[in-house]
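Reviewing the structure listed below.
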Amino acid sequence: MPPHPFPTEKLRDWFRKNKRDLPWRRDRRPYSVWVSEIMLQQTRVDQAEGYYRRFMELFPDVGALAQAPLDQVLKAWEGLGYYRRALHLHQGARLVRQDHGGEIPSDYNRLIQIPGIGRSTAGAILSLAFNRPFPILDGNVKRVLSRFYHITRPLDQSETGKTLWQKAAAVLPEKKPGSFNEALMELGALICLPKDPGCARCPLRKGCQARIKGDATELPVKKPAKKIPHFDVTAAVIRKAGKILITRRPEKGLLGGLWEFPGGKQQPGETLEACLKREITEELAIEITVGEPFLQVRHAYSHFKITLHTFFCRHRKGRIQKIGIQDYRWVKPEELNHYAFPRADRRVIERLTEHGHLPFRPQRG
DNA sequence: AATACGGGGGT
DNA sequence: ACCCCAGTATT
């Protein structure tokens with residue numbers, strides 16, 4: 001018997017009294033667990049909640065999701081970020097329909113093969129929906145276990161990951177593993193916070209090594225973040241006959257599958273105008289005239305920042321070819337809301353349409 | 001082992 | 001400004 005057995009019952013008691021009423025807790029179907037877990041990857045509960053409700057309204061079951069066009073799924077995901085999640089979820093629904101008769105599998109090896117489902121999400125689906133004893137290791141659980149067992153090695157080392165998975169499996173009870181996993185996550189979300197361990201209110205305080213040592217706020221240890229580069233990016237608002245040209249990004253990579261105003265990153269020694277002309281020619285094989293600057297938007301992604309410089313432009317010459325884009329479309333301003341755009345482009349659209357119509361701009365060379 | 005991948009909210 | 005979030009896939 002170790003000196004500090006894990007206080008499972010204390011955690012369960014605390015959870016029973018303090019659990020939040022969240023939409024995905026009212027529905028433990030594998031599909032609901034799946035959707036919510038994907039949405040909650042690297043995403044706060046508060047941010048995911050509204051998206052989850054709308055998503056379940058639009059796509060109430062695997063069949064509905066599999067049947068829906070990807071555009072509609074991306075539109076439902078717009079603003080939530082990490083758009084590959086939406087693509088994978090959609091692909092996953094089609095795979096479940098095709099390979100599993102529309103039923104989400106209840107075994108680890110099959111779950112892990114569904115795109116977007118990794119070890120932790122598989123553990124969530126297995127424990128929460130199927131009541132099978134598989135651990136979850138998300139940011140909350142990592143923090144709680146790092147502190148309880150006083151794990152001082154940096155979180156992003158593979159050895160640390162192995163240790164944490166081992167602990168998560170070791171503390172997992174055979175009975176009701178799902179609610180136990182939830183309780184562990186909820187503790188990390190409500191009490192054992194990154195900058196405030198809340199030890200006085202914590203049901204695990206008795207055996208927690210970090211509390212005993214008094215260094216809970218130092219754990220878990222993370223390597224220092226790298227500096228984030230900044231780029232200047234241009235985008236063209238090309239108008240013709242009351243319509244605007246929008247292009248669709250490739251399915252892979254940043255903002256995959258989303259629509260945007262075409263453009264790209266400024267190169268060293270290049271003017272913004274030259275950058276825009278070059279990018280448009282490279283991606284669409286047409287020549288444009290760059291007119292008045294419109295809006296500048298500053299925006300932060302996860303690993304770089306940009307200033308987006310937009311310009312009103314005119315299509316001068318050539319026929320559009322889909323070189324660096326997946327698709328393109330000429331749309332009326334009011335139709336822009338039917339498409340999924342990145343946040344930065346959304347800001348441009350807001351300004352573009354805020355008087356109910358496009359502001360007049362002289363069209364000159 | 002390191003990096004790509006969004007957006008929002010707290011401090 | 002910096003940190004972090006119910007992580008996964010790719011390199």
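Convention: chains lettered A, B, ... in structure tokens order; per-chain residue numbering from 1; ligands numbered from 1 as shown.
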Can you work out which residues from chain A touch chain C at a cut-off of 10 Å (counting only C-alpha atoms (C1' of nucleotides)) and hand them back as number ranges by chain?
A: 36-45, 47, 84-85, 115-121, 124, 136-141, 182, 185-186, 189, 194-195, 225
Between chain B and chain A, at 6 Å or less, what are the per-residue closest atom pairs and their distances in Å? Count only C-alpha atoms (C1' of nucleotides), order by chain and rising residue number, and return it as JSON lines.
{"residue": "B:DC5", "atom": "C1'", "partner": "A:Tyr82", "partner_atom": "CA", "distance": 5.7}
{"residue": "B:DG6", "atom": "C1'", "partner": "A:Gly81", "partner_atom": "CA", "distance": 3.7}
{"residue": "B:DG7", "atom": "C1'", "partner": "A:Gly81", "partner_atom": "CA", "distance": 5.7}
Selection: 10 Å around range 209-217 of chain A, only C-alpha atoms (C1' of nucleotides), excl. self and same-chain fewer than 4 positions, as a ChimeraX atom specification
/A:4,143-152,192-200,204-205,221
Can you write just those residues out, N, CA, C and O atoms, as a compact mmCIF listing (two decimals), in the first residue's frame?
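The resulting file, part.txt, is reproduced below:
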# COMPACT_ATOMS: atom_id res chain seq x y z
N HIS A 4 0.18 7.23 0.03
CA HIS A 4 -0.96 8.07 -0.28
C HIS A 4 -1.78 7.45 -1.40
O HIS A 4 -1.58 7.75 -2.56
N ARG A 143 -2.42 18.09 -15.54
CA ARG A 143 -2.10 19.02 -14.46
C ARG A 143 -2.38 18.39 -13.09
O ARG A 143 -1.55 18.45 -12.19
N VAL A 144 -3.55 17.78 -12.96
CA VAL A 144 -3.92 17.18 -11.68
C VAL A 144 -2.94 16.07 -11.28
O VAL A 144 -2.43 16.03 -10.15
N LEU A 145 -2.62 15.21 -12.22
CA LEU A 145 -1.73 14.08 -11.91
C LEU A 145 -0.29 14.55 -11.71
O LEU A 145 0.43 14.00 -10.87
N SER A 146 0.14 15.54 -12.48
CA SER A 146 1.49 16.07 -12.28
C SER A 146 1.67 16.58 -10.87
O SER A 146 2.73 16.42 -10.26
N ARG A 147 0.61 17.20 -10.37
CA ARG A 147 0.68 17.76 -9.02
C ARG A 147 0.53 16.67 -7.97
O ARG A 147 1.29 16.64 -7.00
N PHE A 148 -0.45 15.82 -8.16
CA PHE A 148 -0.69 14.79 -7.14
C PHE A 148 0.53 13.89 -6.96
O PHE A 148 0.91 13.56 -5.85
N TYR A 149 1.16 13.54 -8.08
CA TYR A 149 2.32 12.64 -8.01
C TYR A 149 3.64 13.40 -8.11
O TYR A 149 4.70 12.78 -8.21
N HIS A 150 3.56 14.71 -8.14
CA HIS A 150 4.75 15.55 -8.19
C HIS A 150 5.72 15.13 -9.29
O HIS A 150 6.88 14.77 -9.07
N ILE A 151 5.19 15.19 -10.49
CA ILE A 151 5.99 14.87 -11.67
C ILE A 151 6.64 16.15 -12.17
O ILE A 151 5.95 17.08 -12.59
N THR A 152 7.96 16.18 -12.10
CA THR A 152 8.66 17.45 -12.34
C THR A 152 9.36 17.52 -13.69
O THR A 152 9.94 18.55 -14.03
N CYS A 192 -8.23 22.76 -9.64
CA CYS A 192 -6.78 22.64 -9.81
C CYS A 192 -6.35 23.41 -11.07
O CYS A 192 -5.96 22.82 -12.07
N LEU A 193 -6.44 24.74 -10.99
CA LEU A 193 -6.20 25.60 -12.15
C LEU A 193 -4.71 25.85 -12.34
O LEU A 193 -3.92 25.74 -11.40
N PRO A 194 -4.33 26.21 -13.56
CA PRO A 194 -2.89 26.40 -13.83
C PRO A 194 -2.22 27.36 -12.85
O PRO A 194 -1.15 27.04 -12.32
N LYS A 195 -2.83 28.51 -12.60
CA LYS A 195 -2.17 29.50 -11.75
C LYS A 195 -2.76 29.56 -10.35
O LYS A 195 -2.34 30.38 -9.54
N ASP A 196 -3.75 28.74 -10.09
CA ASP A 196 -4.37 28.72 -8.76
C ASP A 196 -4.82 27.31 -8.43
O ASP A 196 -5.90 26.88 -8.81
N PRO A 197 -3.99 26.57 -7.72
CA PRO A 197 -4.29 25.16 -7.44
C PRO A 197 -5.53 24.96 -6.56
O PRO A 197 -6.07 23.86 -6.53
N GLY A 198 -5.97 25.98 -5.85
CA GLY A 198 -7.18 25.85 -5.05
C GLY A 198 -7.13 24.70 -4.06
O GLY A 198 -8.15 24.04 -3.81
N CYS A 199 -5.96 24.47 -3.47
CA CYS A 199 -5.78 23.30 -2.60
C CYS A 199 -6.77 23.26 -1.43
O CYS A 199 -7.17 22.18 -1.00
N ALA A 200 -7.13 24.43 -0.92
CA ALA A 200 -8.02 24.47 0.24
C ALA A 200 -9.36 23.81 -0.06
O ALA A 200 -10.01 23.25 0.81
N LEU A 204 -8.59 16.24 -3.34
CA LEU A 204 -7.38 15.40 -3.39
C LEU A 204 -6.27 15.95 -2.49
O LEU A 204 -5.15 15.45 -2.53
N ARG A 205 -6.59 16.98 -1.70
CA ARG A 205 -5.50 17.68 -0.98
C ARG A 205 -4.71 16.76 -0.06
O ARG A 205 -3.52 16.94 0.12
N VAL A 221 5.53 21.33 -15.32
CA VAL A 221 6.63 22.08 -15.91
C VAL A 221 6.52 22.05 -17.43
O VAL A 221 6.31 20.99 -18.02
Using DSSP assignments from the backbone, pull out every residue in range 29-205 of chain A that falls under helix (DSSP H, G or I) and give it to me as a ChimeraX atom specification.
/A:30-39,45-58,62-67,70-77,84-99,108-111,119-129,139-148,158-171,177-190,199-201
Those of range 211-254 of chain A in DSSP strand (DSSP E or B), formatted as a PyMOL selection string
chain A and resi 230-240+243-248
Who sits within 12 Å of Leu111 in chain A, only C-alpha atoms (C1' of nucleotides), same chain under 3 positions skipped, as a ChimeraX atom specification
/A:30,34,92-93,95-96,99-100,103-108,114-126
For N, CA and C atoms, I'd like the residues from the last selection saved as a PDB file, in the first residue's frame.
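Final file, again_19.pdb:
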ATOM      1  N   PRO A  30     -22.540   7.510 -27.992  1.00  0.00           N
ATOM      2  CA  PRO A  30     -21.169   7.598 -28.509  1.00  0.00           C
ATOM      3  C   PRO A  30     -20.978   8.783 -29.452  1.00  0.00           C
ATOM      4  N   TRP A  34     -18.376  11.758 -28.958  1.00  0.00           N
ATOM      5  CA  TRP A  34     -17.391  11.968 -30.034  1.00  0.00           C
ATOM      6  C   TRP A  34     -17.346  13.445 -30.451  1.00  0.00           C
ATOM      7  N   GLY A  92     -14.686  10.962 -40.632  1.00  0.00           N
ATOM      8  CA  GLY A  92     -14.922   9.887 -39.673  1.00  0.00           C
ATOM      9  C   GLY A  92     -16.350   9.387 -39.740  1.00  0.00           C
ATOM     10  N   ALA A  93     -17.293  10.302 -39.870  1.00  0.00           N
ATOM     11  CA  ALA A  93     -18.705   9.912 -39.957  1.00  0.00           C
ATOM     12  C   ALA A  93     -18.932   9.057 -41.200  1.00  0.00           C
ATOM     13  N   LEU A  95     -16.665   7.251 -42.674  1.00  0.00           N
ATOM     14  CA  LEU A  95     -16.003   5.968 -42.439  1.00  0.00           C
ATOM     15  C   LEU A  95     -16.859   5.059 -41.562  1.00  0.00           C
ATOM     16  N   VAL A  96     -17.472   5.640 -40.545  1.00  0.00           N
ATOM     17  CA  VAL A  96     -18.338   4.858 -39.658  1.00  0.00           C
ATOM     18  C   VAL A  96     -19.532   4.322 -40.429  1.00  0.00           C
ATOM     19  N   ASP A  99     -17.788   1.571 -42.964  1.00  0.00           N
ATOM     20  CA  ASP A  99     -17.100   0.384 -42.435  1.00  0.00           C
ATOM     21  C   ASP A  99     -17.755  -0.225 -41.211  1.00  0.00           C
ATOM     22  N   HIS A 100     -18.595   0.532 -40.524  1.00  0.00           N
ATOM     23  CA  HIS A 100     -19.117   0.032 -39.254  1.00  0.00           C
ATOM     24  C   HIS A 100     -20.639   0.067 -39.208  1.00  0.00           C
ATOM     25  N   GLU A 103     -22.538   2.506 -36.882  1.00  0.00           N
ATOM     26  CA  GLU A 103     -22.387   2.433 -35.427  1.00  0.00           C
ATOM     27  C   GLU A 103     -20.945   2.734 -35.041  1.00  0.00           C
ATOM     28  N   ILE A 104     -20.765   3.635 -34.117  1.00  0.00           N
ATOM     29  CA  ILE A 104     -19.421   3.965 -33.649  1.00  0.00           C
ATOM     30  C   ILE A 104     -18.859   2.771 -32.894  1.00  0.00           C
ATOM     31  N   PRO A 105     -17.684   2.297 -33.288  1.00  0.00           N
ATOM     32  CA  PRO A 105     -17.136   1.084 -32.675  1.00  0.00           C
ATOM     33  C   PRO A 105     -16.824   1.272 -31.186  1.00  0.00           C
ATOM     34  N   SER A 106     -16.874   0.161 -30.466  1.00  0.00           N
ATOM     35  CA  SER A 106     -16.668   0.204 -29.020  1.00  0.00           C
ATOM     36  C   SER A 106     -15.337  -0.423 -28.622  1.00  0.00           C
ATOM     37  N   ASP A 107     -14.438  -0.568 -29.575  1.00  0.00           N
ATOM     38  CA  ASP A 107     -13.128  -1.075 -29.196  1.00  0.00           C
ATOM     39  C   ASP A 107     -12.025  -0.111 -29.631  1.00  0.00           C
ATOM     40  N   TYR A 108     -10.995  -0.098 -28.832  1.00  0.00           N
ATOM     41  CA  TYR A 108      -9.937   0.892 -28.949  1.00  0.00           C
ATOM     42  C   TYR A 108      -9.282   0.878 -30.324  1.00  0.00           C
ATOM     43  N   ILE A 114     -10.124   6.032 -36.607  1.00  0.00           N
ATOM     44  CA  ILE A 114     -11.000   7.081 -37.123  1.00  0.00           C
ATOM     45  C   ILE A 114     -10.237   8.401 -37.083  1.00  0.00           C
ATOM     46  N   PRO A 115     -10.209   9.133 -38.181  1.00  0.00           N
ATOM     47  CA  PRO A 115      -9.428  10.367 -38.214  1.00  0.00           C
ATOM     48  C   PRO A 115      -9.851  11.350 -37.120  1.00  0.00           C
ATOM     49  N   GLY A 116      -8.878  11.915 -36.446  1.00  0.00           N
ATOM     50  CA  GLY A 116      -9.136  12.886 -35.398  1.00  0.00           C
ATOM     51  C   GLY A 116      -9.280  12.281 -34.020  1.00  0.00           C
ATOM     52  N   ILE A 117      -9.434  10.946 -33.951  1.00  0.00           N
ATOM     53  CA  ILE A 117      -9.539  10.280 -32.658  1.00  0.00           C
ATOM     54  C   ILE A 117      -8.182   9.711 -32.280  1.00  0.00           C
ATOM     55  N   GLY A 118      -7.585  10.277 -31.258  1.00  0.00           N
ATOM     56  CA  GLY A 118      -6.326   9.776 -30.739  1.00  0.00           C
ATOM     57  C   GLY A 118      -6.565   9.005 -29.452  1.00  0.00           C
ATOM     58  N   ARG A 119      -5.509   8.806 -28.722  1.00  0.00           N
ATOM     59  CA  ARG A 119      -5.589   7.963 -27.538  1.00  0.00           C
ATOM     60  C   ARG A 119      -6.568   8.504 -26.488  1.00  0.00           C
ATOM     61  N   SER A 120      -6.525   9.808 -26.280  1.00  0.00           N
ATOM     62  CA  SER A 120      -7.354  10.401 -25.233  1.00  0.00           C
ATOM     63  C   SER A 120      -8.835  10.443 -25.625  1.00  0.00           C
ATOM     64  N   THR A 121      -9.103  10.837 -26.858  1.00  0.00           N
ATOM     65  CA  THR A 121     -10.492  10.870 -27.318  1.00  0.00           C
ATOM     66  C   THR A 121     -11.081   9.465 -27.369  1.00  0.00           C
ATOM     67  N   ALA A 122     -10.270   8.501 -27.766  1.00  0.00           N
ATOM     68  CA  ALA A 122     -10.733   7.112 -27.743  1.00  0.00           C
ATOM     69  C   ALA A 122     -11.075   6.715 -26.305  1.00  0.00           C
ATOM     70  N   GLY A 123     -10.215   7.106 -25.368  1.00  0.00           N
ATOM     71  CA  GLY A 123     -10.481   6.821 -23.959  1.00  0.00           C
ATOM     72  C   GLY A 123     -11.767   7.474 -23.482  1.00  0.00           C
ATOM     73  N   ALA A 124     -12.021   8.663 -23.978  1.00  0.00           N
ATOM     74  CA  ALA A 124     -13.249   9.370 -23.580  1.00  0.00           C
ATOM     75  C   ALA A 124     -14.482   8.649 -24.112  1.00  0.00           C
ATOM     76  N   ILE A 125     -14.453   8.286 -25.376  1.00  0.00           N
ATOM     77  CA  ILE A 125     -15.607   7.602 -25.963  1.00  0.00           C
ATOM     78  C   ILE A 125     -15.833   6.258 -25.272  1.00  0.00           C
ATOM     79  N   LEU A 126     -14.746   5.515 -25.045  1.00  0.00           N
ATOM     80  CA  LEU A 126     -14.870   4.198 -24.425  1.00  0.00           C
ATOM     81  C   LEU A 126     -15.378   4.296 -22.987  1.00  0.00           C
TER      82      LEU A 126
END
List the spatial neighbours of Ile246 in chain A as a PyMOL selection string - criterion: any atom at most 9 Å away, only C-alpha atoms (C1' of nucleotides), same-chain residues fewer than 4 positions off excluded.
chain A and resi 237-238+259-262+327-331+336
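Taking CA of Lys277 in chain A as the reference point, CA of Gly257 in chain A is found at 22.9 Å.
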Rank A:Leu155, A:Phe304, A:Phe59, A:Ala66 by their smallest atom-to-atom distance to DA4 in chain B, using only C-alpha atoms (C1' of nucleotides), and report the top residue only.
A:Phe304
